[in-house]
Amino acid sequence: MRIPRPRKTLWTRTVSTRAVALAAAGTLTVGALAACSAGSTTSAASDGSGTTTAQVAATDNSGRSAQEVLDENLSSAETAALADQTWDTADEVAVTLDGDSASASGDGVTVDGSIVTITQPGTYRLSGTLDDGQVVVDASADGVVRLVLDGADVTSSTGAAIDVQDADQVSVVLADGSTNRLEDAEEYADTTSDNAANAALYSTADLAISGGGALDVVGNANDGITGKDGLVIASGTVSVDAVDDAIRGKDYLVVSGGTIDVTSGGDGLKSDADDDATAGYIALTGGDVTVAAGDDGAQAFTDIAITDGTLTIEESVEGLEAATIAISGGDVDITSSDDGLNATVKEAEDDTASEDSTADDTAADDSATGTGDQAAQDQGTAPEPPTDGEMPTGEPPTDGQMPQGEAPQGGGGGGMDAVQEGASLTITGGTLHVDAEGDGLDSNGVTVISGGDVVVEGPTNGGNGALDSAGGSTVSGGTVLAVGSAGMAEAFDEDSTQGWVALTADATLEAGTDVAVVDADGTEVATITLSKTAQSVVYSGPEITDGGTYTLTADGEEVGTATAGEAPAGGMGGGPGGAAPGGSTDQGGQTDQSSSTTTS
């Protein structure tokens, strides 16, 4: 019989107060980021619910590679191994679905009208169509329940299409060449019992999805695919369309292969266990994932770690959000209406809250990501400031000037954000492209970069920046080209071991402008064709010599100069003045064009 994972003490961390700022679209170009390692620390805080909670250590993952982060987490190896298992086809039980009824060729299956219940471990090959029914797994004995979907189409008007209520481990195999479909009800008959399903494919046990077939999932009530323990997708072609979260693995969500395409009203990919510092993580170690999300592209309570594969987030509020974001390989492309990457620590939910409450999830997400504020920003109105935040008064900047004439953001320092212990953004390899209307790379802790190629197309509005790190940013390798508005622009810290230069154009540059960073010998070390307006350019690469003089050109004409390793004096905002080549002083333009970037 499956033994439930014991509930541990709540893992809680302090949530920072984010400054009010209008979201903006900006342009930042590809560059490889360099990181320096940081030591481990521990931190914990009250969850603010009025309930006394025990605390567990929180590890500082700054500077660690994605694999190093994963090595410290709850292992997904046993679940992943399900995808590699073989079996004797002679032992399979054939389950034939036929409209409003079904039949089975062996033991371990009961049929009650259109409800098929699997009662013991084994391999079950499902084929045919259930017009209005369910496949239920209620198998208390130890062992693997393997569901081979071979042309199976299940639709339910009362709940989940596949509902794993009890099992040791579950493996869903998509038969080679098969097409399968699961669709749940718009309203569930059971929403209150323990482990009540909330997804078209729902499992209370560790779940692996693999095979050479295809699976289409429609989540009409809530999520598309949910694993209440761990969830691994190893292969297959999986398409999910859900009104809330598309794919959720509570303890972990690991994608190691396959082709995945998700559309969601909520988060695209999610892991939200908040009672264990080693759980609640998302890992991309292979595969090809495409996400169009109404909220975050991928959100994890603890970590998002990417070692390989391709992740394309075509639409999102925030692209990636987790306490730790670590990218060491793969190809990541993010489009977001707010922050592209947001390393932020969230508070654990109270034990009395429903783990699967859509309303609670939405409220928690809005609190952490600022979605509610973002909606106000998108409508052109400033959100209400927090009651205890340390923020400037008045309207957020719209013209590239700092709030109340303050000094510009130099290297690090994080602007107006409070530094969170345990929040970190680390890039050690891979390629990353971000097109964000809010901050491009945003860390409420630190940002450390030691490798990879990163392109950030940041905000056009002066209230956000292409780079934003509350605890500072260091670069020690790779190449980074960040382009965006100048009002809240940040550079790297002075103790970075790789050279960097932060340049500001004397006026806003328009979309379509060819921009270059040129060294003292006249060599272009980085170039980009702007896809939207920009005024600030930050570049780091092995070509940059600390203390050297660099020139910013627009369509071949000089528009700014800077000394490498020095933050711009007097502010990165460009106030009223004459137009630069191909540009104007208006930071409000948001013309989108395709951008191209090269580095020498």
# chains A, B, ... in the order shown; residues from 1 in each chain; ligands from 1

call {"tool": "residues_around", "arguments": {"residues": "A:Phe492", "least_positions_apart": "3", "cutoff": "9 Å", "atoms": "only C-alpha atoms", "output": "count of residues only"}}
result
17

call {"tool": "select_by_dssp", "arguments": {"residues": "stretch 419-525 of chain A", "states": "strand (DSSP E or B)", "output": "ChimeraX atom specification"}}
result
/A:424-436,441-443,446-457,467-469,473-475,479-484,491,500-509,514-518,524-525

call {"tool": "write_last_selection", "arguments": {"atoms": "C-alpha atoms", "output": "PDB file, in the first residue's frame"}}
result
ATOM      1  CA  SER A 424      18.736  34.265  -6.593  1.00  0.00           C
ATOM      2  CA  LEU A 425      19.049  34.261 -10.373  1.00  0.00           C
ATOM      3  CA  THR A 426      22.057  32.398 -11.741  1.00  0.00           C
ATOM      4  CA  ILE A 427      23.057  31.822 -15.366  1.00  0.00           C
ATOM      5  CA  THR A 428      26.053  29.601 -16.073  1.00  0.00           C
ATOM      6  CA  GLY A 429      25.305  28.501 -19.645  1.00  0.00           C
ATOM      7  CA  GLY A 430      22.750  28.092 -22.390  1.00  0.00           C
ATOM      8  CA  THR A 431      21.039  30.790 -24.407  1.00  0.00           C
ATOM      9  CA  LEU A 432      18.395  33.128 -23.050  1.00  0.00           C
ATOM     10  CA  HIS A 433      16.275  35.685 -24.869  1.00  0.00           C
ATOM     11  CA  VAL A 434      13.805  37.849 -22.961  1.00  0.00           C
ATOM     12  CA  ASP A 435      11.282  40.334 -24.355  1.00  0.00           C
ATOM     13  CA  ALA A 436       9.708  41.946 -21.285  1.00  0.00           C
ATOM     14  CA  LEU A 441      16.012  39.979 -15.382  1.00  0.00           C
ATOM     15  CA  ASP A 442      14.567  40.678 -11.924  1.00  0.00           C
ATOM     16  CA  SER A 443      15.992  39.222  -8.720  1.00  0.00           C
ATOM     17  CA  VAL A 446      21.196  38.534  -6.165  1.00  0.00           C
ATOM     18  CA  THR A 447      22.010  37.894  -9.815  1.00  0.00           C
ATOM     19  CA  VAL A 448      25.189  35.987 -10.657  1.00  0.00           C
ATOM     20  CA  ILE A 449      26.265  35.216 -14.219  1.00  0.00           C
ATOM     21  CA  SER A 450      29.220  33.099 -15.293  1.00  0.00           C
ATOM     22  CA  GLY A 451      28.356  31.867 -18.776  1.00  0.00           C
ATOM     23  CA  GLY A 452      25.813  31.580 -21.528  1.00  0.00           C
ATOM     24  CA  ASP A 453      24.448  33.940 -24.155  1.00  0.00           C
ATOM     25  CA  VAL A 454      21.661  36.237 -23.031  1.00  0.00           C
ATOM     26  CA  VAL A 455      19.482  38.674 -24.946  1.00  0.00           C
ATOM     27  CA  VAL A 456      17.124  40.849 -22.930  1.00  0.00           C
ATOM     28  CA  GLU A 457      14.775  43.221 -24.693  1.00  0.00           C
ATOM     29  CA  LEU A 467      18.360  44.480 -15.309  1.00  0.00           C
ATOM     30  CA  ASP A 468      16.985  44.742 -11.767  1.00  0.00           C
ATOM     31  CA  SER A 469      18.631  43.050  -8.792  1.00  0.00           C
ATOM     32  CA  SER A 473      24.504  41.696 -10.078  1.00  0.00           C
ATOM     33  CA  THR A 474      27.920  40.231 -10.839  1.00  0.00           C
ATOM     34  CA  VAL A 475      29.257  38.961 -14.144  1.00  0.00           C
ATOM     35  CA  THR A 479      28.248  37.795 -22.986  1.00  0.00           C
ATOM     36  CA  VAL A 480      25.334  40.002 -21.930  1.00  0.00           C
ATOM     37  CA  LEU A 481      23.675  42.720 -23.979  1.00  0.00           C
ATOM     38  CA  ALA A 482      20.758  44.444 -22.230  1.00  0.00           C
ATOM     39  CA  VAL A 483      18.787  47.184 -23.952  1.00  0.00           C
ATOM     40  CA  GLY A 484      15.890  49.168 -22.556  1.00  0.00           C
ATOM     41  CA  ALA A 491      24.642  47.984 -14.481  1.00  0.00           C
ATOM     42  CA  TRP A 500      31.166  45.606 -18.639  1.00  0.00           C
ATOM     43  CA  VAL A 501      30.080  48.942 -19.989  1.00  0.00           C
ATOM     44  CA  ALA A 502      26.848  50.865 -19.439  1.00  0.00           C
ATOM     45  CA  LEU A 503      25.979  53.445 -22.086  1.00  0.00           C
ATOM     46  CA  THR A 504      23.142  55.910 -22.367  1.00  0.00           C
ATOM     47  CA  ALA A 505      22.050  57.517 -25.619  1.00  0.00           C
ATOM     48  CA  ASP A 506      21.540  61.272 -25.537  1.00  0.00           C
ATOM     49  CA  ALA A 507      17.914  60.701 -26.594  1.00  0.00           C
ATOM     50  CA  THR A 508      15.544  57.811 -27.019  1.00  0.00           C
ATOM     51  CA  LEU A 509      16.317  55.578 -29.996  1.00  0.00           C
ATOM     52  CA  ASP A 514      20.966  49.868 -35.741  1.00  0.00           C
ATOM     53  CA  VAL A 515      22.829  50.227 -32.456  1.00  0.00           C
ATOM     54  CA  ALA A 516      26.473  49.313 -31.848  1.00  0.00           C
ATOM     55  CA  VAL A 517      28.943  49.337 -28.969  1.00  0.00           C
ATOM     56  CA  VAL A 518      32.312  50.419 -30.405  1.00  0.00           C
ATOM     57  CA  GLU A 524      32.105  46.994 -33.049  1.00  0.00           C
ATOM     58  CA  VAL A 525      32.006  44.604 -30.068  1.00  0.00           C
TER      59      VAL A 525
END

call {"tool": "closest_residue", "arguments": {"among": "A:Ile334, A:Ile282, A:Val243, A:Ala197", "to": "A:Gly458", "atoms": "only C-alpha atoms"}}
result
A:Ile334

call {"tool": "residues_around", "arguments": {"residues": "stretch 126-132 of chain A", "least_positions_apart": "2", "cutoff": "9 Å", "atoms": "only C-alpha atoms", "output": "JSON list (two decimals) with N, CA, C and O atoms, in the first residue's frame"}}
result
[["chain", "number", "residue", "atom", "x", "y", "z"],
["A", 93, "VAL", "N", -3.79, -6.25, -19.84],
["A", 93, "VAL", "CA", -5.25, -6.39, -19.83],
["A", 93, "VAL", "C", -5.80, -5.35, -20.79],
["A", 93, "VAL", "O", -5.55, -4.15, -20.65],
["A", 94, "ALA", "N", -6.53, -5.82, -21.80],
["A", 94, "ALA", "CA", -7.11, -4.92, -22.79],
["A", 94, "ALA", "C", -8.41, -4.33, -22.25],
["A", 94, "ALA", "O", -9.30, -5.08, -21.81],
["A", 95, "VAL", "N", -8.51, -3.01, -22.27],
["A", 95, "VAL", "CA", -9.73, -2.33, -21.84],
["A", 95, "VAL", "C", -10.29, -1.60, -23.05],
["A", 95, "VAL", "O", -9.65, -0.68, -23.58],
["A", 96, "THR", "N", -11.47, -2.03, -23.49],
["A", 96, "THR", "CA", -12.09, -1.45, -24.68],
["A", 96, "THR", "C", -13.19, -0.49, -24.26],
["A", 96, "THR", "O", -14.13, -0.87, -23.56],
["A", 97, "LEU", "N", -13.04, 0.75, -24.67],
["A", 97, "LEU", "CA", -14.01, 1.80, -24.35],
["A", 97, "LEU", "C", -14.99, 1.91, -25.51],
["A", 97, "LEU", "O", -14.58, 1.99, -26.68],
["A", 98, "ASP", "N", -16.28, 1.93, -25.20],
["A", 98, "ASP", "CA", -17.28, 1.88, -26.28],
["A", 98, "ASP", "C", -18.48, 2.76, -25.94],
["A", 98, "ASP", "O", -19.48, 2.30, -25.39],
["A", 99, "GLY", "N", -18.33, 4.06, -26.24],
["A", 99, "GLY", "CA", -19.44, 4.98, -26.05],
["A", 99, "GLY", "C", -19.80, 5.19, -24.60],
["A", 99, "GLY", "O", -19.14, 5.95, -23.88],
["A", 100, "ASP", "N", -20.86, 4.51, -24.14],
["A", 100, "ASP", "CA", -21.29, 4.66, -22.75],
["A", 100, "ASP", "C", -21.04, 3.41, -21.94],
["A", 100, "ASP", "O", -21.61, 3.20, -20.87],
["A", 101, "SER", "N", -20.13, 2.54, -22.43],
["A", 101, "SER", "CA", -19.80, 1.31, -21.71],
["A", 101, "SER", "C", -18.36, 0.93, -22.00],
["A", 101, "SER", "O", -17.67, 1.58, -22.78],
["A", 102, "ALA", "N", -17.91, -0.14, -21.36],
["A", 102, "ALA", "CA", -16.55, -0.62, -21.56],
["A", 102, "ALA", "C", -16.48, -2.09, -21.21],
["A", 102, "ALA", "O", -17.36, -2.64, -20.53],
["A", 114, "SER", "N", -20.35, 3.56, -17.44],
["A", 114, "SER", "CA", -19.23, 4.18, -18.17],
["A", 114, "SER", "C", -18.07, 4.51, -17.24],
["A", 114, "SER", "O", -17.17, 5.26, -17.63],
["A", 115, "ILE", "N", -18.08, 3.94, -16.03],
["A", 115, "ILE", "CA", -16.97, 4.15, -15.09],
["A", 115, "ILE", "C", -16.11, 2.90, -15.07],
["A", 115, "ILE", "O", -16.56, 1.81, -14.68],
["A", 124, "TYR", "N", -2.45, -2.02, -18.36],
["A", 124, "TYR", "CA", -3.78, -1.95, -18.94],
["A", 124, "TYR", "C", -3.71, -1.12, -20.22],
["A", 124, "TYR", "O", -3.29, 0.04, -20.19],
["A", 134, "GLN", "N", -15.41, 7.86, -17.03],
["A", 134, "GLN", "CA", -14.15, 8.07, -16.33],
["A", 134, "GLN", "C", -13.35, 6.79, -16.26],
["A", 134, "GLN", "O", -13.92, 5.69, -16.24],
["A", 147, "LEU", "N", -0.86, 2.56, -17.51],
["A", 147, "LEU", "CA", -1.96, 2.79, -18.44],
["A", 147, "LEU", "C", -1.38, 3.06, -19.82],
["A", 147, "LEU", "O", -0.76, 4.11, -20.04],
["A", 148, "VAL", "N", -1.58, 2.13, -20.74],
["A", 148, "VAL", "CA", -1.11, 2.33, -22.11],
["A", 148, "VAL", "C", -2.28, 2.89, -22.91],
["A", 148, "VAL", "O", -3.27, 2.20, -23.15],
["A", 149, "LEU", "N", -2.17, 4.16, -23.28],
["A", 149, "LEU", "CA", -3.22, 4.79, -24.06],
["A", 149, "LEU", "C", -2.95, 4.54, -25.53],
["A", 149, "LEU", "O", -1.95, 5.00, -26.09],
["A", 150, "ASP", "N", -3.85, 3.79, -26.15],
["A", 150, "ASP", "CA", -3.65, 3.37, -27.54],
["A", 150, "ASP", "C", -4.91, 3.73, -28.33],
["A", 150, "ASP", "O", -5.76, 2.89, -28.59],
["A", 151, "GLY", "N", -5.04, 5.02, -28.64],
["A", 151, "GLY", "CA", -6.25, 5.48, -29.31],
["A", 151, "GLY", "C", -7.40, 5.62, -28.33],
["A", 151, "GLY", "O", -8.55, 5.30, -28.65],
["A", 152, "ALA", "N", -7.10, 6.13, -27.13],
["A", 152, "ALA", "CA", -8.13, 6.30, -26.09],
["A", 152, "ALA", "C", -8.64, 7.74, -26.08],
["A", 152, "ALA", "O", -7.85, 8.68, -26.14],
["A", 153, "ASP", "N", -9.96, 7.87, -25.99],
["A", 153, "ASP", "CA", -10.61, 9.19, -25.97],
["A", 153, "ASP", "C", -11.64, 9.16, -24.85],
["A", 153, "ASP", "O", -12.65, 8.45, -24.94],
["A", 154, "VAL", "N", -11.38, 9.91, -23.77],
["A", 154, "VAL", "CA", -12.25, 9.88, -22.60],
["A", 154, "VAL", "C", -12.74, 11.29, -22.29],
["A", 154, "VAL", "O", -11.92, 12.21, -22.10],
["A", 155, "THR", "N", -14.05, 11.45, -22.22],
["A", 155, "THR", "CA", -14.67, 12.73, -21.84],
["A", 155, "THR", "C", -15.58, 12.49, -20.65],
["A", 155, "THR", "O", -16.32, 11.51, -20.61],
["A", 156, "SER", "N", -15.51, 13.39, -19.66],
["A", 156, "SER", "CA", -16.35, 13.26, -18.47],
["A", 156, "SER", "C", -17.17, 14.52, -18.26],
["A", 156, "SER", "O", -16.67, 15.63, -18.45],
["A", 157, "SER", "N", -18.40, 14.35, -17.84],
["A", 157, "SER", "CA", -19.26, 15.49, -17.51],
["A", 157, "SER", "C", -19.38, 15.68, -16.00],
["A", 157, "SER", "O", -20.09, 16.58, -15.54],
["A", 158, "THR", "N", -18.68, 14.83, -15.23],
["A", 158, "THR", "CA", -18.79, 14.90, -13.77],
["A", 158, "THR", "C", -17.47, 15.13, -13.05],
["A", 158, "THR", "O", -17.46, 15.47, -11.87],
["A", 161, "ALA", "N", -11.16, 13.01, -16.39],
["A", 161, "ALA", "CA", -11.23, 11.91, -17.36],
["A", 161, "ALA", "C", -10.48, 10.69, -16.82],
["A", 161, "ALA", "O", -10.98, 9.57, -16.86],
["A", 180, "ASN", "N", -4.44, 10.30, -28.57],
["A", 180, "ASN", "CA", -5.31, 10.11, -27.41],
["A", 180, "ASN", "C", -5.83, 11.46, -26.93],
["A", 180, "ASN", "O", -5.19, 12.50, -27.15]]

call {"tool": "closest_atom_pairs", "arguments": {"of": "stretch 279-324 of chain A", "to": "stretch 344-349 of chain A", "cutoff": "8 Å", "atoms": "only C-alpha atoms", "output": "CSV"}}
result
residue,atom,partner,partner_atom,distance
A:Phe301,CA,A:Lys346,CA,6.7
A:Thr302,CA,A:Val345,CA,7.7
A:Glu321,CA,A:Thr344,CA,6.9
A:Ala322,CA,A:Thr344,CA,5.7
A:Ala323,CA,A:Val345,CA,4.5
A:Thr324,CA,A:Thr344,CA,7.5

call {"tool": "write_last_selection", "arguments": {"atoms": "all heavy atoms", "output": "CSV table (one decimal), in the first residue's frame"}}
result
chain,number,residue,atom,x,y,z
A,301,PHE,N,7.5,27.1,-6.4
A,301,PHE,CA,7.7,27.6,-5.0
A,301,PHE,C,9.1,27.8,-4.6
A,301,PHE,O,9.5,28.7,-4.0
A,301,PHE,CB,6.9,26.8,-4.0
A,301,PHE,CG,6.8,27.5,-2.7
A,301,PHE,CD1,5.8,28.4,-2.4
A,301,PHE,CD2,7.7,27.1,-1.6
A,301,PHE,CE1,5.7,29.0,-1.2
A,301,PHE,CE2,7.6,27.8,-0.4
A,301,PHE,CZ,6.6,28.7,-0.2
A,302,THR,N,9.9,26.8,-5.0
A,302,THR,CA,11.4,26.8,-4.6
A,302,THR,C,12.2,27.1,-5.8
A,302,THR,O,12.7,28.2,-5.9
A,302,THR,CB,11.8,25.5,-4.0
A,302,THR,OG1,11.5,24.4,-4.9
A,302,THR,CG2,11.1,25.2,-2.7
A,321,GLU,N,9.1,32.3,-12.6
A,321,GLU,CA,9.1,32.8,-11.2
A,321,GLU,C,9.4,31.7,-10.3
A,321,GLU,O,8.7,30.7,-10.3
A,321,GLU,CB,7.8,33.5,-10.9
A,321,GLU,CG,7.8,34.1,-9.5
A,321,GLU,CD,6.4,34.7,-9.1
A,321,GLU,OE1,6.3,35.9,-9.4
A,321,GLU,OE2,5.6,34.0,-8.6
A,322,ALA,N,10.4,31.9,-9.4
A,322,ALA,CA,10.7,31.0,-8.3
A,322,ALA,C,11.7,31.7,-7.4
A,322,ALA,O,12.3,32.7,-7.7
A,322,ALA,CB,11.4,29.7,-8.9
A,323,ALA,N,11.9,31.1,-6.2
A,323,ALA,CA,12.9,31.6,-5.3
A,323,ALA,C,14.3,31.5,-5.9
A,323,ALA,O,15.1,32.5,-5.9
A,323,ALA,CB,12.9,30.9,-4.0
A,324,THR,N,14.6,30.4,-6.5
A,324,THR,CA,15.9,30.2,-7.2
A,324,THR,C,15.6,29.9,-8.7
A,324,THR,O,14.8,29.1,-9.0
A,324,THR,CB,16.6,29.0,-6.7
A,324,THR,OG1,17.0,29.2,-5.3
A,324,THR,CG2,17.9,28.7,-7.5

call {"tool": "residues_around", "arguments": {"residues": "A:Glu314", "least_positions_apart": "2", "cutoff": "8 Å", "atoms": "only C-alpha atoms", "output": "list in words"}}
result
Thr290, Val291, Ala292, Ala293, Thr312, Ser316, Asp333, Ile334, Thr335 and Ser336 of chain A

call {"tool": "write_last_selection", "arguments": {"atoms": "N, CA, C and O atoms", "output": "compact mmCIF listing (two decimals), in the first residue's frame"}}
result
# COMPACT_ATOMS: atom_id res chain seq x y z
N THR A 290 6.55 24.61 -25.32
CA THR A 290 6.01 25.90 -25.75
C THR A 290 4.84 26.25 -24.86
O THR A 290 3.96 25.42 -24.61
N VAL A 291 4.82 27.50 -24.36
CA VAL A 291 3.81 27.91 -23.39
C VAL A 291 3.17 29.23 -23.81
O VAL A 291 3.87 30.17 -24.18
N ALA A 292 1.84 29.28 -23.73
CA ALA A 292 1.09 30.53 -23.82
C ALA A 292 0.23 30.59 -22.57
O ALA A 292 -0.73 29.83 -22.44
N ALA A 293 0.60 31.47 -21.63
CA ALA A 293 -0.03 31.47 -20.31
C ALA A 293 -0.74 32.79 -20.03
O ALA A 293 -0.23 33.86 -20.38
N THR A 312 10.06 27.79 -24.88
CA THR A 312 9.58 29.01 -25.52
C THR A 312 8.30 29.44 -24.84
O THR A 312 7.29 28.74 -24.90
N SER A 316 2.92 35.50 -21.48
CA SER A 316 2.88 35.32 -20.03
C SER A 316 2.79 36.68 -19.36
O SER A 316 3.04 37.71 -19.98
N ASP A 333 13.45 31.16 -24.49
CA ASP A 333 12.95 32.37 -25.14
C ASP A 333 11.66 32.78 -24.44
O ASP A 333 10.70 32.01 -24.42
N ILE A 334 11.63 33.99 -23.87
CA ILE A 334 10.52 34.41 -23.03
C ILE A 334 9.94 35.73 -23.50
O ILE A 334 10.68 36.70 -23.73
N THR A 335 8.62 35.78 -23.59
CA THR A 335 7.90 37.03 -23.82
C THR A 335 6.96 37.22 -22.65
O THR A 335 6.20 36.32 -22.30
N SER A 336 7.00 38.41 -22.04
CA SER A 336 6.19 38.64 -20.84
C SER A 336 5.64 40.07 -20.83
O SER A 336 6.28 41.00 -21.32
